[in-house]
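Visitor: So that you have it, the file is start_21.cif, and it contains mmCIF, C-alpha atoms (C1' of nucleotides):
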```
data_protein
#
loop_
_atom_site.group_PDB
_atom_site.id
_atom_site.type_symbol
_atom_site.label_atom_id
_atom_site.label_comp_id
_atom_site.auth_asym_id
_atom_site.auth_seq_id
_atom_site.Cartn_x
_atom_site.Cartn_y
_atom_site.Cartn_z
ATOM 1 C CA MET A 1 0.000 0.000 0.000
ATOM 2 C CA CYS A 2 1.276 3.402 -0.860
ATOM 3 C CA PRO A 3 1.964 5.300 2.384
ATOM 4 C CA HIS A 4 1.268 8.670 0.730
ATOM 5 C CA PRO A 5 -1.836 8.268 -1.397
ATOM 6 C CA ASN A 6 -2.514 12.032 -1.357
ATOM 7 C CA ILE A 7 0.698 13.168 -2.972
ATOM 8 C CA ALA A 8 0.432 10.274 -5.412
ATOM 9 C CA SER A 9 -2.976 11.418 -6.611
ATOM 10 C CA THR A 10 -1.813 15.041 -6.847
ATOM 11 C CA ALA A 11 1.284 14.014 -8.778
ATOM 12 C CA PHE A 12 -0.880 11.890 -11.046
ATOM 13 C CA LEU A 13 -3.072 14.890 -11.836
ATOM 14 C CA ILE A 14 -0.079 17.031 -12.760
ATOM 15 C CA ALA A 15 1.652 14.254 -14.710
ATOM 16 C CA ASP A 16 -0.697 14.355 -17.689
ATOM 17 C CA PRO A 17 0.704 16.621 -20.437
ATOM 18 C CA ALA A 18 -2.655 18.210 -21.234
ATOM 19 C CA ARG A 19 -3.382 18.944 -17.571
ATOM 20 C CA ALA A 20 0.158 20.194 -16.999
ATOM 21 C CA SER A 21 -0.193 22.615 -19.916
ATOM 22 C CA MET A 22 -3.437 23.963 -18.509
ATOM 23 C CA LEU A 23 -1.927 24.406 -15.042
ATOM 24 C CA MET A 24 1.127 26.188 -16.423
ATOM 25 C CA ALA A 25 -1.150 28.474 -18.404
ATOM 26 C CA LEU A 26 -2.733 29.438 -15.064
ATOM 27 C CA VAL A 27 0.489 29.861 -13.120
ATOM 28 C CA GLU A 28 0.709 33.606 -13.739
ATOM 29 C CA GLY A 29 -2.380 34.041 -11.632
ATOM 30 C CA HIS A 30 -4.891 34.984 -14.307
ATOM 31 C CA ALA A 31 -8.191 33.152 -14.339
ATOM 32 C CA LEU A 32 -8.826 31.674 -17.795
ATOM 33 C CA PRO A 33 -12.005 30.284 -19.378
ATOM 34 C CA ALA A 34 -12.222 26.596 -20.263
ATOM 35 C CA GLY A 35 -11.941 27.270 -23.985
ATOM 36 C CA GLU A 36 -8.687 29.177 -23.552
ATOM 37 C CA LEU A 37 -7.253 26.338 -21.461
ATOM 38 C CA ALA A 38 -8.278 23.817 -24.116
ATOM 39 C CA TYR A 39 -6.340 25.854 -26.653
ATOM 40 C CA ALA A 40 -3.330 26.079 -24.333
ATOM 41 C CA ALA A 41 -3.308 22.293 -23.936
ATOM 42 C CA GLY A 42 -3.901 21.612 -27.612
ATOM 43 C CA VAL A 43 -7.031 19.518 -27.010
ATOM 44 C CA THR A 44 -10.708 19.975 -27.822
ATOM 45 C CA ALA A 45 -13.080 21.687 -25.425
ATOM 46 C CA GLN A 46 -14.719 18.404 -24.460
ATOM 47 C CA THR A 47 -11.406 16.842 -23.513
ATOM 48 C CA ALA A 48 -10.321 19.929 -21.610
ATOM 49 C CA SER A 49 -13.587 19.944 -19.710
ATOM 50 C CA ALA A 50 -12.976 16.378 -18.516
ATOM 51 C CA HIS A 51 -9.446 17.256 -17.398
ATOM 52 C CA LEU A 52 -10.632 20.376 -15.605
ATOM 53 C CA ALA A 53 -13.237 18.364 -13.724
ATOM 54 C CA LYS A 54 -10.454 16.132 -12.393
ATOM 55 C CA LEU A 55 -8.233 19.083 -11.461
ATOM 56 C CA LEU A 56 -11.204 20.644 -9.686
ATOM 57 C CA ALA A 57 -11.906 17.463 -7.730
ATOM 58 C CA GLY A 58 -8.241 17.327 -6.747
ATOM 59 C CA GLY A 59 -8.267 20.918 -5.481
ATOM 60 C CA LEU A 60 -5.607 22.067 -7.943
ATOM 61 C CA VAL A 61 -7.944 24.569 -9.559
ATOM 62 C CA GLU A 62 -10.975 26.607 -8.559
ATOM 63 C CA VAL A 63 -13.756 27.707 -10.840
ATOM 64 C CA GLU A 64 -15.908 30.791 -11.025
ATOM 65 C CA ALA A 65 -18.889 30.885 -13.356
ATOM 66 C CA GLU A 66 -19.479 34.167 -15.069
ATOM 67 C CA GLY A 67 -22.252 34.170 -17.623
ATOM 68 C CA ARG A 68 -21.672 31.389 -20.066
ATOM 69 C CA HIS A 69 -17.956 31.337 -19.283
ATOM 70 C CA ARG A 70 -16.375 29.343 -16.518
ATOM 71 C CA TYR A 71 -13.151 30.893 -15.324
ATOM 72 C CA TYR A 72 -10.575 28.550 -13.830
ATOM 73 C CA ARG A 73 -7.721 29.644 -11.585
ATOM 74 C CA LEU A 74 -5.135 27.787 -9.500
ATOM 75 C CA GLY A 75 -6.367 26.397 -6.193
ATOM 76 C CA GLY A 76 -4.064 28.694 -4.221
ATOM 77 C CA SER A 77 -0.570 30.087 -3.817
ATOM 78 C CA HIS A 78 0.649 26.678 -2.636
ATOM 79 C CA VAL A 79 -0.308 25.238 -6.024
ATOM 80 C CA ALA A 80 1.495 28.073 -7.835
ATOM 81 C CA LEU A 81 4.559 27.477 -5.701
ATOM 82 C CA LEU A 82 4.490 23.757 -6.420
ATOM 83 C CA LEU A 83 4.320 24.377 -10.167
ATOM 84 C CA GLU A 84 7.028 27.019 -10.155
ATOM 85 C CA ASN A 85 9.318 24.663 -8.278
ATOM 86 C CA LEU A 86 8.649 21.897 -10.792
ATOM 87 C CA ALA A 87 9.288 24.321 -13.655
ATOM 88 C CA SER A 88 12.589 25.350 -12.099
ATOM 89 C CA VAL A 89 14.052 21.831 -12.390
ATOM 90 C CA THR A 90 12.567 20.972 -15.780
ATOM 91 C CA PRO A 91 13.497 22.389 -19.170
ATOM 92 C CA LEU A 92 10.462 24.519 -19.759
ATOM 93 C CA ASN A 93 8.239 24.045 -22.764
ATOM 94 C CA ARG A 94 6.124 27.150 -22.584
ATOM 95 C CA PRO A 95 2.495 26.211 -22.978
ATOM 96 C CA ARG A 96 0.924 27.092 -26.271
ATOM 97 C CA VAL A 97 -0.533 30.560 -25.957
ATOM 98 C CA ARG A 98 -2.398 32.746 -28.342
ATOM 99 C CA PRO A 99 -0.107 35.380 -29.891
ATOM 100 C CA LEU A 100 0.945 37.265 -26.768
ATOM 101 C CA SER A 101 -1.930 39.578 -25.905
ATOM 102 C CA ALA A 102 -1.348 43.115 -24.684
ATOM 103 C CA ASP A 103 -2.502 42.008 -21.223
ATOM 104 C CA ALA A 104 -0.051 39.126 -21.135
ATOM 105 C CA GLN A 105 2.799 41.397 -22.112
ATOM 106 C CA LYS A 106 1.907 43.792 -19.308
ATOM 107 C CA LEU A 107 1.904 40.904 -16.853
ATOM 108 C CA ARG A 108 5.256 39.675 -18.024
ATOM 109 C CA PHE A 109 6.720 43.139 -17.621
ATOM 110 C CA ALA A 110 5.483 43.795 -14.100
ATOM 111 C CA ARG A 111 2.919 42.106 -11.890
ATOM 112 C CA CYS A 112 2.267 41.356 -8.268
ATOM 113 C CA CYS A 113 3.000 37.792 -7.252
ATOM 114 C CA TYR A 114 0.942 37.258 -4.097
ATOM 115 C CA ASP A 115 1.523 40.850 -2.917
ATOM 116 C CA HIS A 116 5.131 41.380 -3.883
ATOM 117 C CA LEU A 117 6.636 42.696 -7.100
ATOM 118 C CA ALA A 118 7.416 40.193 -9.881
ATOM 119 C CA GLY A 119 8.059 40.041 -13.596
ATOM 120 C CA GLN A 120 10.877 41.715 -15.521
ATOM 121 C CA LEU A 121 10.672 44.791 -13.314
ATOM 122 C CA GLY A 122 10.573 42.761 -10.091
ATOM 123 C CA VAL A 123 13.731 40.913 -11.070
ATOM 124 C CA ALA A 124 15.484 44.114 -12.262
ATOM 125 C CA VAL A 125 14.691 45.929 -9.012
ATOM 126 C CA THR A 126 15.865 42.989 -6.916
ATOM 127 C CA GLN A 127 19.130 42.751 -8.852
ATOM 128 C CA ALA A 128 19.680 46.515 -8.551
ATOM 129 C CA LEU A 129 19.251 46.243 -4.770
ATOM 130 C CA GLU A 130 21.859 43.484 -4.739
ATOM 131 C CA ARG A 131 24.302 45.490 -6.862
ATOM 132 C CA ARG A 132 23.979 48.413 -4.496
ATOM 133 C CA GLY A 133 24.710 46.223 -1.496
ATOM 134 C CA VAL A 134 21.264 46.797 0.012
ATOM 135 C CA ILE A 135 20.556 43.080 0.115
ATOM 136 C CA VAL A 136 22.747 40.035 -0.438
ATOM 137 C CA ALA A 137 21.662 36.546 -1.415
ATOM 138 C CA GLY A 138 22.118 34.345 1.642
ATOM 139 C CA ALA A 139 21.506 30.732 2.581
ATOM 140 C CA ASP A 140 18.125 28.975 2.618
ATOM 141 C CA LYS A 141 16.624 30.913 -0.261
ATOM 142 C CA GLN A 142 16.752 34.131 1.781
ATOM 143 C CA PHE A 143 18.066 37.591 1.058
ATOM 144 C CA GLU A 144 19.863 39.319 3.914
ATOM 145 C CA VAL A 145 19.577 43.057 4.411
ATOM 146 C CA THR A 146 22.997 44.617 5.024
ATOM 147 C CA ALA A 147 23.630 47.340 7.622
ATOM 148 C CA ALA A 148 23.830 49.831 4.773
ATOM 149 C CA GLY A 149 20.636 48.311 3.415
ATOM 150 C CA ILE A 150 18.745 48.867 6.669
ATOM 151 C CA GLU A 151 19.778 52.492 6.464
ATOM 152 C CA TRP A 152 18.841 52.712 2.778
ATOM 153 C CA PHE A 153 15.358 51.238 3.339
ATOM 154 C CA GLY A 154 15.014 53.610 6.317
ATOM 155 C CA ARG A 155 15.604 56.617 4.056
ATOM 156 C CA MET A 156 12.850 55.308 1.799
ATOM 157 C CA GLY A 157 10.512 55.150 4.784
ATOM 158 C CA LEU A 158 10.663 51.436 5.522
ATOM 159 C CA ASN A 159 11.959 50.440 8.946
ATOM 160 C CA VAL A 160 13.345 46.940 8.455
ATOM 161 C CA PRO A 161 13.858 46.080 12.178
ATOM 162 C CA ASP A 162 10.087 46.552 12.676
ATOM 163 C CA LEU A 163 9.233 43.744 10.283
ATOM 164 C CA GLN A 164 8.221 40.370 11.705
ATOM 165 C CA PRO A 165 9.722 37.392 9.882
ATOM 166 C CA THR A 166 7.277 34.602 9.134
ATOM 167 C CA ARG A 167 8.060 30.918 9.325
ATOM 168 C CA ARG A 168 9.609 31.271 5.892
ATOM 169 C CA GLY A 169 11.794 34.207 6.806
ATOM 170 C CA LEU A 170 11.892 37.941 6.266
ATOM 171 C CA ALA A 171 13.144 38.391 2.715
ATOM 172 C CA ARG A 172 12.584 35.262 0.714
ATOM 173 C CA GLN A 173 14.033 34.598 -2.746
ATOM 174 C CA CYS A 174 11.016 33.818 -4.922
ATOM 175 C CA LEU A 175 11.670 32.250 -8.303
ATOM 176 C CA ASP A 176 10.127 34.389 -11.018
ATOM 177 C CA TRP A 177 8.381 32.085 -13.423
ATOM 178 C CA SER A 178 8.541 34.289 -16.509
ATOM 179 C CA GLU A 179 12.120 35.468 -15.955
ATOM 180 C CA ARG A 180 13.430 32.338 -14.205
ATOM 181 C CA GLN A 181 15.430 34.471 -11.793
ATOM 182 C CA HIS A 182 14.797 35.467 -8.198
ATOM 183 C CA HIS A 183 12.857 38.437 -6.984
ATOM 184 C CA LEU A 184 12.331 39.749 -3.465
ATOM 185 C CA ALA A 185 9.427 38.220 -1.509
ATOM 186 C CA GLY A 186 8.470 37.620 2.121
ATOM 187 C CA PRO A 187 7.349 40.367 4.553
ATOM 188 C CA LEU A 188 10.080 42.702 3.264
ATOM 189 C CA GLY A 189 8.938 42.115 -0.326
ATOM 190 C CA VAL A 190 5.339 42.884 0.640
ATOM 191 C CA GLN A 191 6.206 46.100 2.504
ATOM 192 C CA TRP A 192 8.549 47.113 -0.287
ATOM 193 C CA MET A 193 5.738 46.739 -2.803
ATOM 194 C CA ASN A 194 3.413 48.765 -0.548
ATOM 195 C CA LEU A 195 6.036 51.481 -0.278
ATOM 196 C CA LEU A 196 6.490 51.712 -4.042
ATOM 197 C CA CYS A 197 2.724 52.055 -4.466
ATOM 198 C CA THR A 198 2.055 54.511 -1.626
ATOM 199 C CA ASN A 199 4.862 56.759 -2.864
ATOM 200 C CA GLY A 200 3.150 56.854 -6.231
ATOM 201 C CA TRP A 201 5.979 55.147 -8.109
ATOM 202 C CA LEU A 202 3.977 52.059 -9.049
ATOM 203 C CA ARG A 203 0.284 51.616 -9.625
ATOM 204 C CA ARG A 204 -1.641 48.354 -9.570
ATOM 205 C CA VAL A 205 -4.002 47.987 -12.503
ATOM 206 C CA LYS A 206 -7.467 47.311 -11.145
ATOM 207 C CA ALA A 207 -8.906 43.804 -11.420
ATOM 208 C CA THR A 208 -5.641 42.338 -12.741
ATOM 209 C CA ARG A 209 -2.246 41.537 -11.300
ATOM 210 C CA ALA A 210 -0.522 43.906 -13.700
ATOM 211 C CA VAL A 211 1.542 46.776 -12.296
ATOM 212 C CA GLN A 212 2.338 50.076 -14.042
ATOM 213 C CA VAL A 213 5.235 52.439 -13.468
ATOM 214 C CA THR A 214 4.171 56.074 -13.065
ATOM 215 C CA PRO A 215 6.146 58.939 -14.675
ATOM 216 C CA GLN A 216 7.569 59.845 -11.229
ATOM 217 C CA GLY A 217 8.306 56.154 -10.807
ATOM 218 C CA TRP A 218 10.562 56.092 -13.854
ATOM 219 C CA VAL A 219 12.464 59.121 -12.551
ATOM 220 C CA TRP A 220 12.885 57.490 -9.167
ATOM 221 C CA LEU A 221 13.948 54.134 -10.638
ATOM 222 C CA LYS A 222 16.629 55.833 -12.708
ATOM 223 C CA ASP A 223 17.962 58.018 -9.864
ATOM 224 C CA GLN A 224 17.952 55.393 -7.141
ATOM 225 C CA LEU A 225 18.482 52.109 -8.948
ATOM 226 C CA GLY A 226 19.829 52.926 -12.410
ATOM 227 C CA ILE A 227 16.839 51.305 -14.084
ATOM 228 C CA GLU A 228 15.587 53.008 -17.231
ATOM 229 C CA GLY A 229 12.689 52.185 -19.503
ATOM 230 C CA ARG A 230 9.249 53.197 -20.593
ATOM 231 C CA GLN A 231 5.787 51.711 -20.340
ATOM 232 C CA GLY A 232 6.103 47.965 -20.773
ATOM 233 C CA GLU A 233 9.841 47.605 -21.305
ATOM 234 C CA LEU A 234 13.227 48.186 -19.723
ATOM 235 C CA THR A 235 15.791 49.926 -21.921
ATOM 236 C CA HIS A 236 18.694 50.063 -19.512
ATOM 237 C CA ASP A 237 19.246 48.086 -16.351
ATOM 238 C CA ALA A 238 22.591 48.627 -14.644
ATOM 239 C "C1'" DC B 239 -8.707 -6.947 -19.065
ATOM 240 C "C1'" DT B 240 -8.559 -2.382 -17.158
ATOM 241 C "C1'" DA B 241 -7.631 2.327 -17.062
ATOM 242 C "C1'" DT B 242 -7.245 6.393 -19.421
ATOM 243 C "C1'" DA B 243 -7.279 9.553 -23.185
ATOM 244 C "C1'" DC B 244 -9.339 11.211 -27.286
ATOM 245 C "C1'" DC B 245 -13.113 13.132 -30.231
ATOM 246 C "C1'" DA B 246 -17.967 13.790 -32.314
ATOM 247 C "C1'" DA B 247 -22.441 14.747 -31.365
ATOM 248 C "C1'" DA B 248 -26.046 16.020 -28.318
ATOM 249 C "C1'" DA B 249 -27.621 18.520 -24.369
ATOM 250 C "C1'" DT B 250 -27.473 22.349 -21.222
ATOM 251 C "C1'" DT B 251 -26.908 26.971 -19.823
ATOM 252 C "C1'" DT B 252 -26.652 31.729 -20.578
ATOM 253 C "C1'" DG B 253 -26.263 36.019 -23.338
ATOM 254 C "C1'" DT B 254 -27.902 38.795 -27.350
ATOM 255 C "C1'" DC B 255 -30.910 40.550 -30.764
ATOM 256 C "C1'" DG B 256 -35.168 41.831 -32.865
ATOM 257 C "C1'" DC B 257 -39.969 42.179 -32.350
ATOM 258 C "C1'" DT B 258 -44.352 43.490 -30.179
ATOM 259 C "C1'" DA C 259 -40.667 44.880 -20.284
ATOM 260 C "C1'" DG C 260 -41.686 40.337 -22.039
ATOM 261 C "C1'" DC C 261 -41.003 36.861 -25.468
ATOM 262 C "C1'" DG C 262 -38.865 33.764 -28.772
ATOM 263 C "C1'" DA C 263 -35.098 32.646 -31.949
ATOM 264 C "C1'" DC C 264 -30.451 32.260 -32.314
ATOM 265 C "C1'" DA C 265 -25.416 32.086 -30.915
ATOM 266 C "C1'" DA C 266 -21.713 30.819 -27.929
ATOM 267 C "C1'" DA C 267 -19.365 28.320 -24.124
ATOM 268 C "C1'" DT C 268 -19.295 24.339 -21.717
ATOM 269 C "C1'" DT C 269 -20.575 19.731 -20.137
ATOM 270 C "C1'" DT C 270 -22.322 15.066 -20.836
ATOM 271 C "C1'" DT C 271 -22.657 10.912 -23.367
ATOM 272 C "C1'" DG C 272 -21.072 7.276 -26.154
ATOM 273 C "C1'" DG C 273 -17.795 5.080 -28.910
ATOM 274 C "C1'" DT C 274 -12.800 4.182 -30.298
ATOM 275 C "C1'" DA C 275 -7.808 3.745 -29.507
ATOM 276 C "C1'" DT C 276 -3.805 2.678 -26.839
ATOM 277 C "C1'" DA C 277 -0.714 1.237 -23.044
ATOM 278 C "C1'" DG C 278 0.379 -1.725 -19.268
#
```
Please, can you express the file's structure as structure tokens?
Guide:
Amino acid sequence: MCPHPNIASTAFLIADPARASMLMALVEGHALPAGELAYAAGVTAQTASAHLAKLLAGGLVEVEAEGRHRYYRLGGSHVALLLENLASVTPLNRPRVRPLSADAQKLRFARCCYDHLAGQLGVAVTQALERRGVIVAGADKQFEVTAAGIEWFGRMGLNVPDLQPTRRGLARQCLDWSERQHHLAGPLGVQWMNLLCTNGWLRRVKATRAVQVTPQGWVWLKDQLGIEGRQGELTHDA
DNA sequence: CTATACCAAAATTTGTCGCT
DNA sequence: AGCGACAAATTTTGGTATAG
């Protein structure tokens, strides 16, 4: 008898190529209708519907009916984490997607990943902080804030010693799925994101996970972190 | 033999349009 | 507004194919 029937059934659900494609299409956090997921997996709507029913029963996805569409999303951040970890050890075949929509491009550029900054911009900002000695990559998938870094964050209005680490630490290294590099997460990542928004440098786009840089934001990014660009792309990052 | 995946066709559900 | 016809998205059903 298998001593871990639960993980076996979860692994079985993910192991099917069609289901894996649908899950990876959802990993960016967008909810997608069944038809879109069928396209992503390269199967017909009927087949996709059967797969989605299994994923739903297994708790890997949730569904929300809106009109005649049924929007599926991942069953939670733990599912996203599981998939991102799998993707990090496997050569990634990007799921088939419709010619990259404007929305998808915005998400790839900058988005919030469970309340911290991710995407191209998230990675660029994290790397700029490292280059400036504000944070250093430490053991256990954590970033450590240097003494100079504590001072630097303080000048920005973020008092690092006040932050409470969670079980998973204070400044976690989160693997960015689209960029395949780390960005800053954990309580520090969350407060950092809040700070960028409350100072008017970043703006969250309503009803999506996309994030926009404001005109003042671009000025600030260039002055403080040496990051240059315009809406939707980075032109210089050093 | 059994389990699982696939697809075609039919059924179901919901939104939209034109008419009174 | 209420009604019916039609369109679109999705699910259900039934049959076939394939792997172990």
Visitor: Counting all atoms listed in the file, which residues sit no farther than 10 Å from the position (-27.3, 24.7, -21.3) in the file's frame? I'd like them as a list in words.
Guide: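 Output: Arg68 of chain A; DA249, DT250, DT251 and DT252 of chain B; DA267, DT268 and DT269 of chain C.
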Visitor: Output the contact residues of chain A with respect to chain C at a cut-off of 9 Å, based on all atoms listed in the file, as a CSV table (one decimal) with C-alpha atoms, in the frame of the given file.
Guide:
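Result file follows (result-v9.csv):
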```
chain,number,residue,atom,x,y,z
A,33,PRO,CA,-12.0,30.3,-19.4
A,34,ALA,CA,-12.2,26.6,-20.3
A,35,GLY,CA,-11.9,27.3,-24.0
A,45,ALA,CA,-13.1,21.7,-25.4
A,46,GLN,CA,-14.7,18.4,-24.5
A,49,SER,CA,-13.6,19.9,-19.7
A,50,ALA,CA,-13.0,16.4,-18.5
A,68,ARG,CA,-21.7,31.4,-20.1
A,69,HIS,CA,-18.0,31.3,-19.3
A,70,ARG,CA,-16.4,29.3,-16.5
```
Visitor: Would you please work out which residue, of A:Thr166, A:Thr146, A:Thr214, A:Thr47, is nearest to chain B when using all atoms listed in the file?
Guide: A:Thr47
Visitor: I need the output of the PyMOL selection byres ((chain B) within 10 of (chain A)) for this file as a PyMOL selection string; which residues are they?
Guide: chain B and resi 243-246+251-253
Visitor: Residue by residue, what does the PyMOL selection byres ((chain A and resi 124) around 9) grab here? Present the result as a ChimeraX atom specification.
Guide: /A:119-123,125-129,183,227,234,237-238
Visitor: So the first atom is CA of Val211 in chain A and the second is CA of Gln191 in chain A; what is the distance between them in Å, to one decimal place?
Guide: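 That distance, rounded to one decimal, is 15.5 Å.
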Visitor: What is the distance between CA of His78 in chain A and CA of Glu28 in chain A, in Å to one decimal?
Guide: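 That distance, rounded to one decimal, is 13.1 Å.
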Visitor: Draw an axis-aligned box tight on the listed atoms of range 268-277 of chain C, then pad every side by 8 Å and write out centre and edge lengths in Å to one decimal as lines of an AutoDock Vina configuration file.
Guide:
```
center_x = -11.7
center_y = 12.8
center_z = -25.2
size_x = 37.9
size_y = 39.1
size_z = 26.2
```
Visitor: May I have the residues within 8 Å of Val136 in chain A as number ranges by chain, using only C-alpha atoms (C1' of nucleotides) and disregarding those fewer than 6 positions away in the same chain?
Guide: A: 130, 143-146
Visitor: One decimal, Å: what's the distance from CA of Gly189 in chain A over to CA of Ala171 in chain A, could you say?
Guide: 6.4 Å
Visitor: Would you list the contacts of Ala18 in chain A as a VMD selection string, taking every protein, DNA or RNA residue within 8 Å and counting all atoms listed in the file, but skipping same-chain residues closer than 3 positions in sequence?
Guide: chain A and resid 21 to 22 41 to 43 48 51
Visitor: Return the single residue from A:Leu13, A:Val134, A:Cys113, A:Val160 that is closest to Val61 in chain A, with distances computed using all atoms listed in the file.
Guide: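 With all atoms listed in the file as the atom set, the closest residue is A:Leu13.
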